[in-house]
>>> print(open('coords-v6.csv').read())   # CSV, C-alpha atoms and all ligand atoms
chain,number,residue,atom,x,y,z
A,714,MET,CA,10.4,23.9,-11.3
A,715,ALA,CA,6.8,23.6,-12.5
A,716,ASP,CA,4.0,25.7,-10.9
A,717,PRO,CA,2.2,24.0,-8.0
A,718,LEU,CA,-0.6,21.8,-9.1
A,719,PHE,CA,-2.8,22.7,-6.1
A,720,ASP,CA,-3.1,25.6,-3.8
A,721,LYS,CA,-3.7,23.6,-0.6
A,722,ILE,CA,-3.3,19.8,-0.1
A,723,ALA,CA,-4.7,18.3,3.1
A,724,LEU,CA,-3.2,15.0,4.3
A,725,VAL,CA,-5.4,13.0,6.6
A,726,GLY,CA,-3.3,10.3,8.2
A,727,ILE,CA,0.5,11.0,8.3
A,728,GLY,CA,2.0,7.5,8.5
A,729,LEU,CA,4.3,5.9,6.0
A,730,ILE,CA,2.2,6.8,3.0
A,731,GLY,CA,0.9,10.2,4.2
A,732,SER,CA,4.4,11.4,5.3
A,733,SER,CA,6.0,10.2,2.0
A,734,LEU,CA,3.4,12.2,0.2
A,735,ALA,CA,4.2,15.3,2.3
A,736,ARG,CA,7.9,14.9,1.5
A,737,VAL,CA,7.4,14.5,-2.2
A,738,ILE,CA,4.8,17.3,-2.4
A,739,ARG,CA,7.4,19.6,-0.8
A,740,ARG,CA,10.3,18.4,-2.9
A,741,LYS,CA,8.4,18.7,-6.2
A,742,ASN,CA,6.5,21.9,-5.2
A,743,LEU,CA,3.1,20.2,-5.9
A,744,ALA,CA,1.2,22.6,-3.5
A,745,ARG,CA,1.5,26.0,-2.0
A,746,ARG,CA,0.3,24.8,1.4
A,747,ILE,CA,0.2,21.4,3.1
A,748,SER,CA,-2.2,20.8,6.0
A,749,ILE,CA,-1.9,17.7,8.1
A,750,SER,CA,-4.3,15.9,10.4
A,751,THR,CA,-4.0,12.6,12.3
A,752,ARG,CA,-5.8,10.8,15.1
A,753,ARG,CA,-3.3,11.0,17.9
A,754,ALA,CA,-1.7,14.1,19.3
A,755,GLY,CA,1.7,12.4,19.6
A,756,THR,CA,1.8,11.5,15.9
A,757,LEU,CA,0.7,15.1,15.0
A,758,GLU,CA,3.5,16.5,17.1
A,759,ARG,CA,6.0,14.2,15.5
A,760,ALA,CA,4.8,15.4,12.0
A,761,ARG,CA,5.3,19.0,13.2
A,762,GLU,CA,8.8,18.2,14.5
A,763,LEU,CA,9.6,16.7,11.1
A,764,GLU,CA,8.2,19.9,9.5
A,765,LEU,CA,6.1,17.8,7.1
A,766,GLY,CA,3.5,20.5,6.6
A,767,ASP,CA,2.5,24.1,7.1
A,768,ALA,CA,-0.6,23.6,9.3
A,769,TYR,CA,-1.5,20.9,11.8
A,770,SER,CA,-4.8,19.9,13.3
A,771,ILE,CA,-6.2,17.1,15.3
A,772,ASP,CA,-9.5,17.9,13.7
A,773,PRO,CA,-9.7,16.5,10.2
A,774,ALA,CA,-12.5,18.9,9.3
A,775,GLU,CA,-10.3,21.9,10.1
A,776,ALA,CA,-7.4,20.5,8.1
A,777,VAL,CA,-9.5,19.9,4.9
A,778,ALA,CA,-11.2,23.3,4.9
A,779,ASP,CA,-10.2,25.2,1.6
A,780,ALA,CA,-8.2,22.2,0.4
A,781,ASP,CA,-8.2,21.5,-3.3
A,782,LEU,CA,-6.9,18.0,-2.9
A,783,VAL,CA,-7.6,15.8,0.2
A,784,VAL,CA,-5.6,12.5,0.5
A,785,VAL,CA,-6.9,10.1,3.1
A,786,SER,CA,-4.1,7.8,4.2
A,787,VAL,CA,-5.5,5.8,7.1
A,788,PRO,CA,-6.1,2.0,7.6
A,789,VAL,CA,-8.9,1.0,5.3
A,790,GLY,CA,-11.2,0.1,8.2
A,791,SER,CA,-11.1,3.8,9.3
A,792,SER,CA,-12.1,5.3,5.9
A,793,GLY,CA,-15.8,5.7,6.6
A,794,GLU,CA,-15.2,7.4,10.0
A,795,VAL,CA,-12.7,9.8,8.3
A,796,ALA,CA,-15.1,10.5,5.4
A,797,GLU,CA,-17.9,11.3,7.9
A,798,SER,CA,-15.8,13.8,9.8
A,799,ILE,CA,-14.4,15.6,6.7
A,800,ALA,CA,-17.7,15.7,4.7
A,801,PRO,CA,-19.2,18.9,6.0
A,802,ALA,CA,-16.0,20.9,5.7
A,803,LEU,CA,-15.0,19.9,2.1
A,804,LYS,CA,-14.7,22.7,-0.4
A,805,PRO,CA,-17.0,22.3,-3.4
A,806,GLY,CA,-15.0,21.1,-6.4
A,807,ALA,CA,-12.2,19.6,-4.3
A,808,ILE,CA,-10.7,16.3,-5.3
A,809,VAL,CA,-10.9,13.7,-2.5
A,810,THR,CA,-8.8,10.5,-2.9
A,811,ASP,CA,-7.4,7.8,-0.7
A,812,VAL,CA,-4.5,5.3,-0.8
A,813,GLY,CA,-6.2,2.3,0.8
A,814,SER,CA,-5.1,-1.2,-0.2
A,815,THR,CA,-8.6,-2.4,-0.8
A,816,LYS,CA,-11.0,-0.5,-3.0
A,817,ARG,CA,-14.6,-1.9,-2.9
A,818,SER,CA,-14.8,-1.6,0.8
A,819,VAL,CA,-13.3,1.9,0.8
A,820,ILE,CA,-15.8,3.1,-1.8
A,821,ALA,CA,-18.7,1.5,0.1
A,822,GLN,CA,-17.6,3.4,3.2
A,823,MET,CA,-16.7,6.8,1.8
A,824,GLU,CA,-18.9,7.4,-1.3
A,825,PRO,CA,-22.3,7.5,0.5
A,826,VAL,CA,-21.1,10.1,3.1
A,827,LEU,CA,-19.1,12.4,0.9
A,828,PRO,CA,-21.0,15.4,-0.7
A,829,LYS,CA,-21.9,15.2,-4.3
A,830,ASN,CA,-20.1,18.5,-5.1
A,831,VAL,CA,-16.6,17.0,-4.6
A,832,HIS,CA,-14.7,14.6,-6.9
A,833,PHE,CA,-14.2,11.4,-5.0
A,834,ILE,CA,-11.5,9.3,-6.9
A,835,PRO,CA,-10.4,6.2,-5.0
A,836,GLY,CA,-6.7,5.4,-5.5
A,837,HIS,CA,-4.0,3.0,-4.4
A,838,PRO,CA,-0.3,3.5,-4.8
A,839,LEU,CA,1.5,0.2,-5.1
A,840,ALA,CA,4.4,1.3,-3.0
A,841,GLY,CA,5.3,0.8,0.6
A,842,THR,CA,7.6,-0.8,3.1
A,843,GLU,CA,7.1,-2.8,6.3
A,844,LYS,CA,7.6,0.3,8.3
A,845,SER,CA,4.9,2.7,9.6
A,846,GLY,CA,4.5,6.1,11.1
A,847,PRO,CA,5.6,9.6,10.1
A,848,ASP,CA,9.4,8.8,10.5
A,849,ALA,CA,9.1,5.9,8.0
A,850,GLY,CA,8.2,8.0,4.9
A,851,PHE,CA,10.6,9.1,2.2
A,852,ALA,CA,10.1,11.3,-0.9
A,853,ASP,CA,11.3,8.6,-3.4
A,854,LEU,CA,8.7,6.0,-2.2
A,855,PHE,CA,6.5,6.3,-5.3
A,856,GLU,CA,9.3,6.6,-7.8
A,857,ASN,CA,8.7,4.1,-10.7
A,858,ARG,CA,5.8,2.5,-8.9
A,859,TRP,CA,2.2,2.1,-10.0
A,860,CYS,CA,-0.7,4.1,-8.7
A,861,ILE,CA,-4.1,2.5,-9.6
A,862,PHE,CA,-7.3,4.5,-9.7
A,863,THR,CA,-10.7,2.9,-9.5
A,864,PRO,CA,-12.9,5.8,-10.7
A,865,LEU,CA,-16.7,5.7,-10.1
A,866,PRO,CA,-18.9,5.7,-13.2
A,867,ASP,CA,-19.6,9.4,-13.0
A,868,THR,CA,-16.0,10.6,-12.3
A,869,ASP,CA,-15.1,13.8,-14.0
A,870,PRO,CA,-12.3,13.1,-16.6
A,871,ALA,CA,-10.7,16.5,-15.9
A,872,ALA,CA,-10.5,15.7,-12.1
A,873,LEU,CA,-9.1,12.3,-12.9
A,874,GLU,CA,-6.5,13.8,-15.2
A,875,LYS,CA,-5.4,16.3,-12.5
A,876,LEU,CA,-5.0,13.6,-9.9
A,877,SER,CA,-3.1,11.4,-12.4
A,878,GLU,CA,-0.8,14.4,-13.1
A,879,PHE,CA,-0.3,14.7,-9.3
A,880,TRP,CA,0.8,11.1,-9.0
A,881,ARG,CA,2.9,11.3,-12.1
A,882,ARG,CA,4.8,14.2,-10.6
A,883,CYS,CA,5.2,12.1,-7.4
A,884,GLY,CA,7.1,9.7,-9.7
A,885,SER,CA,4.4,7.1,-10.3
A,886,ASN,CA,3.0,5.4,-13.4
A,887,VAL,CA,-0.8,5.6,-13.3
A,888,ASP,CA,-3.5,3.1,-14.3
A,889,THR,CA,-7.3,2.7,-13.9
A,890,MET,CA,-9.2,-0.4,-13.0
A,891,ASP,CA,-12.6,-1.6,-11.9
A,892,PRO,CA,-12.7,-1.8,-8.1
A,893,ALA,CA,-13.6,-5.5,-8.0
A,894,HIS,CA,-10.8,-6.3,-10.4
A,895,HIS,CA,-8.4,-4.3,-8.3
A,896,ASP,CA,-9.3,-6.2,-5.2
A,897,MET,CA,-8.8,-9.6,-7.1
A,898,VAL,CA,-5.4,-8.6,-8.5
A,899,LEU,CA,-4.2,-7.2,-5.2
A,900,ALA,CA,-5.4,-10.3,-3.4
A,901,ILE,CA,-2.8,-12.4,-5.4
A,902,VAL,CA,0.1,-9.9,-5.8
A,903,SER,CA,0.0,-8.4,-2.3
A,904,HIS,CA,-2.5,-9.8,0.2
A,905,LEU,CA,-1.8,-13.5,-0.2
A,906,PRO,CA,2.0,-13.1,0.0
A,907,HIS,CA,1.5,-11.2,3.2
A,908,ILE,CA,-0.8,-13.8,4.7
A,909,ILE,CA,1.5,-16.6,3.7
A,910,ALA,CA,4.4,-14.7,5.3
A,911,TYR,CA,2.5,-14.1,8.5
A,912,ASN,CA,1.6,-17.7,8.6
A,913,ILE,CA,5.1,-19.1,7.9
A,914,VAL,CA,6.7,-16.8,10.5
A,915,GLY,CA,3.9,-17.8,13.0
A,916,THR,CA,4.6,-21.5,12.3
A,917,ALA,CA,8.3,-21.1,12.9
A,918,ASP,CA,7.6,-19.2,16.1
A,919,ASP,CA,5.3,-22.0,17.3
A,920,LEU,CA,7.8,-24.8,16.6
A,921,GLN,CA,8.8,-26.6,19.8
A,922,THR,CA,11.6,-28.7,18.2
A,923,VAL,CA,13.5,-25.8,16.6
A,924,THR,CA,14.6,-23.0,19.0
A,925,LYS,CA,14.0,-19.4,18.3
A,926,SER,CA,17.7,-18.7,18.3
A,927,GLU,CA,18.2,-21.2,15.5
A,928,VAL,CA,15.4,-19.7,13.4
A,929,ILE,CA,17.1,-16.3,13.7
A,930,LYS,CA,20.7,-17.5,13.4
A,931,TYR,CA,20.0,-19.5,10.1
A,932,SER,CA,17.3,-17.1,8.8
A,933,ALA,CA,19.3,-16.1,5.7
A,934,SER,CA,18.4,-19.4,4.1
A,935,GLY,CA,15.0,-18.1,3.1
A,936,PHE,CA,13.0,-17.4,6.2
A,937,ARG,CA,14.4,-13.8,6.4
A,938,ASP,CA,12.6,-12.7,3.3
A,939,PHE,CA,9.3,-13.7,4.7
A,940,THR,CA,10.0,-11.9,8.0
A,941,ARG,CA,10.2,-8.6,6.1
A,942,LEU,CA,6.6,-9.0,4.9
A,943,ALA,CA,5.5,-10.4,8.2
A,944,ALA,CA,6.8,-7.3,10.0
A,945,SER,CA,4.2,-5.1,8.3
A,946,ASP,CA,1.8,-3.0,10.3
A,947,PRO,CA,-0.7,-5.3,12.2
A,948,THR,CA,-3.6,-2.7,12.0
A,949,MET,CA,-3.2,-2.2,8.3
A,950,TRP,CA,-3.1,-5.9,7.5
A,951,ARG,CA,-5.9,-6.8,9.9
A,952,ASP,CA,-8.1,-4.3,8.0
A,953,VAL,CA,-6.9,-5.5,4.6
A,954,CYS,CA,-7.9,-9.1,5.5
A,955,LEU,CA,-11.3,-8.0,6.9
A,956,HIS,CA,-12.0,-5.6,3.9
A,957,ASN,CA,-11.0,-7.8,1.0
A,958,LYS,CA,-12.4,-11.0,2.5
A,959,ASP,CA,-14.0,-12.5,-0.7
A,960,ALA,CA,-11.1,-12.1,-3.0
A,961,ILE,CA,-8.6,-13.2,-0.4
A,962,LEU,CA,-10.6,-16.4,0.4
A,963,GLU,CA,-10.8,-17.2,-3.3
A,964,MET,CA,-7.1,-16.8,-3.7
A,965,LEU,CA,-6.4,-18.8,-0.5
A,966,ALA,CA,-8.6,-21.7,-1.8
A,967,ARG,CA,-6.6,-21.8,-5.0
A,968,PHE,CA,-3.3,-21.6,-3.1
A,969,SER,CA,-4.4,-24.5,-0.8
A,970,GLU,CA,-5.2,-26.6,-3.8
A,971,ASP,CA,-1.9,-25.9,-5.5
A,972,LEU,CA,-0.1,-26.5,-2.2
A,973,ALA,CA,-1.8,-29.9,-1.9
A,974,SER,CA,-0.6,-30.8,-5.4
A,975,LEU,CA,2.9,-29.8,-4.5
A,976,GLN,CA,2.7,-31.8,-1.3
A,977,ARG,CA,1.6,-34.8,-3.4
A,978,ALA,CA,4.5,-34.3,-5.9
A,979,ILE,CA,7.0,-34.3,-3.0
A,980,ARG,CA,5.4,-37.4,-1.3
A,981,TRP,CA,5.5,-39.4,-4.6
A,982,GLY,CA,8.9,-38.2,-5.6
A,983,ASP,CA,7.6,-36.5,-8.8
A,984,GLY,CA,10.8,-34.6,-9.5
A,985,GLU,CA,9.7,-33.6,-13.0
A,986,LYS,CA,6.6,-31.8,-11.7
A,987,LEU,CA,8.7,-30.0,-9.1
A,988,PHE,CA,11.3,-29.1,-11.6
A,989,ASP,CA,8.7,-27.8,-14.1
A,990,LEU,CA,7.1,-25.6,-11.5
A,991,PHE,CA,10.3,-24.2,-10.2
A,992,THR,CA,11.4,-23.4,-13.7
A,993,ARG,CA,8.2,-21.6,-14.5
A,994,THR,CA,8.4,-19.5,-11.3
A,995,ARG,CA,12.0,-18.5,-11.9
A,996,ALA,CA,10.9,-16.9,-15.2
A,997,ILE,CA,8.4,-14.8,-13.3
A,998,ARG,CA,11.1,-13.2,-11.2
A,999,ARG,CA,13.1,-12.4,-14.3
A,1000,SER,CA,10.0,-10.6,-15.7
A,1001,ILE,CA,9.7,-8.5,-12.6
A,1002,ILE,CA,13.3,-7.5,-12.8
A,1003,GLU,CA,12.9,-6.6,-16.5
A,1004,ALA,CA,9.8,-4.5,-15.6
A,1005,GLY,CA,11.9,-2.4,-13.3
A,1006,GLN,CA,10.0,-3.5,-10.2
A,1007,GLU,CA,13.0,-5.2,-8.5
A,1008,ILE,CA,16.7,-5.1,-8.8
A,1009,ASP,CA,18.8,-8.1,-9.4
A,1010,ALA,CA,20.9,-8.0,-6.2
A,1011,PRO,CA,21.8,-11.0,-4.1
A,1012,ASP,CA,20.1,-9.5,-1.0
A,1013,PHE,CA,17.0,-8.6,-3.0
A,1014,GLY,CA,18.3,-5.0,-3.0
A,1015,ARG,CA,16.7,-4.2,0.3
A,1016,HIS,CA,18.8,-1.7,2.2
A,1017,GLY,CA,16.6,0.2,4.7
A,1018,ALA,CA,14.8,2.9,2.8
A,1019,ASP,CA,15.9,1.7,-0.6
A,1020,PRO,CA,13.2,2.5,-3.2
A,1021,ALA,CA,13.5,-1.2,-4.2
A,1022,ASP,CA,11.6,-1.8,-0.9
A,1023,GLY,CA,8.5,-0.3,-2.5
A,1024,ASP,CA,6.5,-3.4,-3.4
A,1025,LYS,CA,3.9,-3.5,-0.7
A,1026,GLY,CA,0.4,-2.7,0.2
B,1,LIG,P1,0.7,3.9,8.9
B,1,LIG,O1,2.1,4.3,8.7
B,1,LIG,O2,0.3,3.0,10.0
B,1,LIG,O3,-0.1,5.3,9.2
B,1,LIG,C1,-1.5,5.3,9.4
B,1,LIG,C2,-1.9,6.7,9.7
B,1,LIG,O4,-3.3,6.7,9.8
B,1,LIG,C3,-1.3,7.3,11.0
B,1,LIG,O5,-1.1,8.6,10.8
B,1,LIG,C4,-2.5,7.1,12.0
B,1,LIG,O6,-2.6,8.1,12.9
B,1,LIG,C5,-3.7,7.4,11.0
B,1,LIG,N1,-5.0,6.8,11.5
B,1,LIG,C6,-5.2,5.6,12.0
B,1,LIG,N2,-6.5,5.5,12.3
B,1,LIG,C7,-7.1,6.7,12.1
B,1,LIG,C8,-8.3,7.3,12.2
B,1,LIG,N3,-9.4,6.5,12.7
B,1,LIG,N4,-8.5,8.6,11.9
B,1,LIG,C9,-7.5,9.3,11.5
B,1,LIG,N5,-6.3,8.9,11.3
B,1,LIG,C10,-6.0,7.6,11.6
B,1,LIG,O7,0.0,3.3,7.6
B,1,LIG,P2,0.4,3.5,6.1
B,1,LIG,O8,1.3,2.4,5.8
B,1,LIG,O9,0.7,4.9,5.8
B,1,LIG,O10,-1.0,3.1,5.4
B,1,LIG,C11,-2.0,4.0,5.2
B,1,LIG,C12,-3.0,3.4,4.1
B,1,LIG,O11,-2.2,3.2,3.0
B,1,LIG,C13,-3.6,2.1,4.5
B,1,LIG,O12,-5.0,2.2,4.0
B,1,LIG,C14,-2.9,1.1,3.7
B,1,LIG,O13,-3.8,0.0,3.3
B,1,LIG,C15,-2.4,1.9,2.5
B,1,LIG,N6,-1.2,1.4,1.9
B,1,LIG,C16,-0.2,1.0,2.6
B,1,LIG,C17,1.0,0.6,2.0
B,1,LIG,C18,2.1,0.1,2.8
B,1,LIG,O14,3.0,-0.7,2.3
B,1,LIG,N7,2.3,0.5,4.0
B,1,LIG,C19,1.1,0.6,0.6
B,1,LIG,C20,0.1,1.1,-0.1
B,1,LIG,C21,-1.1,1.5,0.5
B,1,LIG,P3,-2.2,8.0,14.5
B,1,LIG,O15,-0.8,7.6,14.6
B,1,LIG,O16,-2.5,9.4,14.8
B,1,LIG,O17,-3.2,7.0,15.0
>>> encode(input="coords-v6.csv", output="structure tokens", more="lines below")
Ligand code: NAP
Amino acid sequence: MADPLFDKIALVGIGLIGSSLARVIRRKNLARRISISTRRAGTLERARELELGDAYSIDPAEAVADADLVVVSVPVGSSGEVAESIAPALKPGAIVTDVGSTKRSVIAQMEPVLPKNVHFIPGHPLAGTEKSGPDAGFADLFENRWCIFTPLPDTDPAALEKLSEFWRRCGSNVDTMDPAHHDMVLAIVSHLPHIIAYNIVGTADDLQTVTKSEVIKYSASGFRDFTRLAASDPTMWRDVCLHNKDAILEMLARFSEDLASLQRAIRWGDGEKLFDLFTRTRAIRRSIIEAGQEIDAPDFGRHGADPADGDKG
């Protein structure tokens, strides 16, 4: 096995993403030591029971001391608070990164409070499931998924390459993007689908004329696939909506216009228009399967912690 890339990695936040990182770091020997910090004592205790790290602290400053790589994996709305608490304890030259699903807001919260003598490189692994907490993680989560960096203009290329190598060894492909572009792309590929799912499941839940037991009993006809997205962590997704507001509102406006056009086609019996759209969208799914981001199984390949789940966030 290759030599560890880092002496000490500190993981701040040990939910789905943080605990998956802890597991893959161990499996691939990416660090000599892993230190873990999280907000609640109960979560920290669970991480200890799962033996996810070598040292545990409720104090993030204590956890990041001497770390060569710090990965912040908390809901995006808590990024600034975490950055403030770790800033005085960071080792000069350390790489500090995050995994947050929105990038402009995370940069605005973290960059001003982090010391200038560390390398802050915002990141976002496009991998996840609807589960959360330290038990939900698994070492294969990042396998064949993308990790996008949104480096700042003065980012040290050597530090970016080292972080890229870390994510490659975690199994991911890496890419870089401008933060605003990232937020726009993610608004359509991730944030809007989740909002639509939350909305449709909410609508079904509110219906008076169809009972809840019917919704559940007949869910395999399509509804079930929305419920997977709509079961995602409420804190995480509240924060995503609040912290990528502009891009999400832009995509929602386009979505509403297209939905109105679809509504018109149904009302006026425009079968040709419906058929053309459904043919175009079918081809997109084929491209996703060809790109290795989904498997062609009748149940969408989703069996519990199957890596094929990893399409979220
Ligand atoms: P998660 O399973 O809910 O875990 C969140 C972790 O953050 C928990 O350990 C929680 O600790 C901790 N935390 C919450 N507030 C905190 C605070 N103020 N200070 C310190 N720790 C705090 O969430 P996740 O799915 O791992 O998501 C983490 C980040 O990854 C989010 O920014 C999300 O946008 C991003 N992301 C998620 C996915 C996905 O599909 N889930 C995919 C890609 C990226 P306690 O239990 O101790 O409160």
>>> atom_distance(input="coords-v6.csv", atom1="atom CA of Pro835 of chain A", atom2="atom CA of Ile820 of chain A")
7.0 Å
>>> closest_atom_pairs(input="coords-v6.csv", of="chain A", to="ligand LIG 1 (chain B)", cutoff="6 Å", atoms="only C-alpha atoms and all ligand atoms", output="Markdown table")
| residue | atom | partner | partner_atom | distance |
| --- | --- | --- | --- | --- |
| A:Gly726 | CA | B:LIG1 | O5 | 3.8 |
| A:Ile727 | CA | B:LIG1 | O5 | 3.8 |
| A:Gly728 | CA | B:LIG1 | O3 | 3.1 |
| A:Leu729 | CA | B:LIG1 | O9 | 3.7 |
| A:Ile730 | CA | B:LIG1 | O9 | 3.7 |
| A:Gly731 | CA | B:LIG1 | O9 | 5.5 |
| A:Thr751 | CA | B:LIG1 | O16 | 4.3 |
| A:Arg752 | CA | B:LIG1 | O16 | 3.6 |
| A:Arg753 | CA | B:LIG1 | O16 | 3.6 |
| A:Thr756 | CA | B:LIG1 | O15 | 4.9 |
| A:Ser786 | CA | B:LIG1 | C11 | 4.5 |
| A:Val787 | CA | B:LIG1 | O4 | 3.6 |
| A:Pro788 | CA | B:LIG1 | O12 | 3.8 |
| A:Val789 | CA | B:LIG1 | O12 | 4.3 |
| A:Ser791 | CA | B:LIG1 | N3 | 4.7 |
| A:Val795 | CA | B:LIG1 | N4 | 5.7 |
| A:Val812 | CA | B:LIG1 | O11 | 4.9 |
| A:Gly813 | CA | B:LIG1 | O12 | 3.4 |
| A:Ser814 | CA | B:LIG1 | O13 | 3.9 |
| A:His837 | CA | B:LIG1 | C21 | 5.9 |
| A:Pro838 | CA | B:LIG1 | C20 | 5.3 |
| A:Leu839 | CA | B:LIG1 | C20 | 5.3 |
| A:Ala840 | CA | B:LIG1 | C19 | 4.9 |
| A:Gly841 | CA | B:LIG1 | O14 | 3.2 |
| A:Thr842 | CA | B:LIG1 | O14 | 4.7 |
| A:Ser845 | CA | B:LIG1 | O1 | 3.3 |
| A:Gly846 | CA | B:LIG1 | O1 | 3.8 |
| A:Met949 | CA | B:LIG1 | O13 | 5.5 |
| A:Lys1025 | CA | B:LIG1 | O14 | 4.2 |
| A:Gly1026 | CA | B:LIG1 | C19 | 3.4 |
>>> residues_near_point(input="coords-v6.csv", point="(-1.3, 25.7, -0.8)", cutoff="8 Å", atoms="all atoms listed in the file", output="list of chain:residue names")
A:Phe719, A:Asp720, A:Lys721, A:Ile722, A:Ala744, A:Arg745, A:Arg746, A:Ile747, A:Ala780
>>> atom_distance(input="coords-v6.csv", atom1="atom CA of Ala776 of chain A", atom2="atom CA of Asp716 of chain A")
22.8 Å
>>> residues_around(input="coords-v6.csv", residues="Asp891 of chain A", least_positions_apart="4", cutoff="10 Å", atoms="only C-alpha atoms", output="list in words")
Lys816, Arg817, Ile861, Phe862, Thr863, Pro864, Leu865, Pro866, His895 and Asp896 of chain A
>>> closest_residue(input="coords-v6.csv", among="A:Leu743, A:Leu905, A:Ile997, A:Val777", to="Lys875 of chain A", atoms="only C-alpha atoms")
A:Leu743
>>> closest_residue(input="coords-v6.csv", among="A:Leu899, A:Ala715, A:Ile808, A:Ala754", to="Glu874 of chain A", atoms="all atoms listed in the file")
A:Ile808
>>> residues_around(input="coords-v6.csv", residues="Arg881 of chain A", least_positions_apart="2", cutoff="12 Å", atoms="all atoms listed in the file", output="list in words")
Leu718, Val737, Ile738, Lys741, Leu743, Pro838, Phe855, Glu856, Asn857, Arg858, Trp859, Cys860, Ile861, Glu874, Lys875, Leu876, Ser877, Glu878, Phe879, Cys883, Gly884, Ser885, Asn886, Val887 and Asp888 of chain A
>>> atom_distance(input="coords-v6.csv", atom1="atom CA of Gly790 of chain A", atom2="atom CA of Val898 of chain A")
19.7 Å
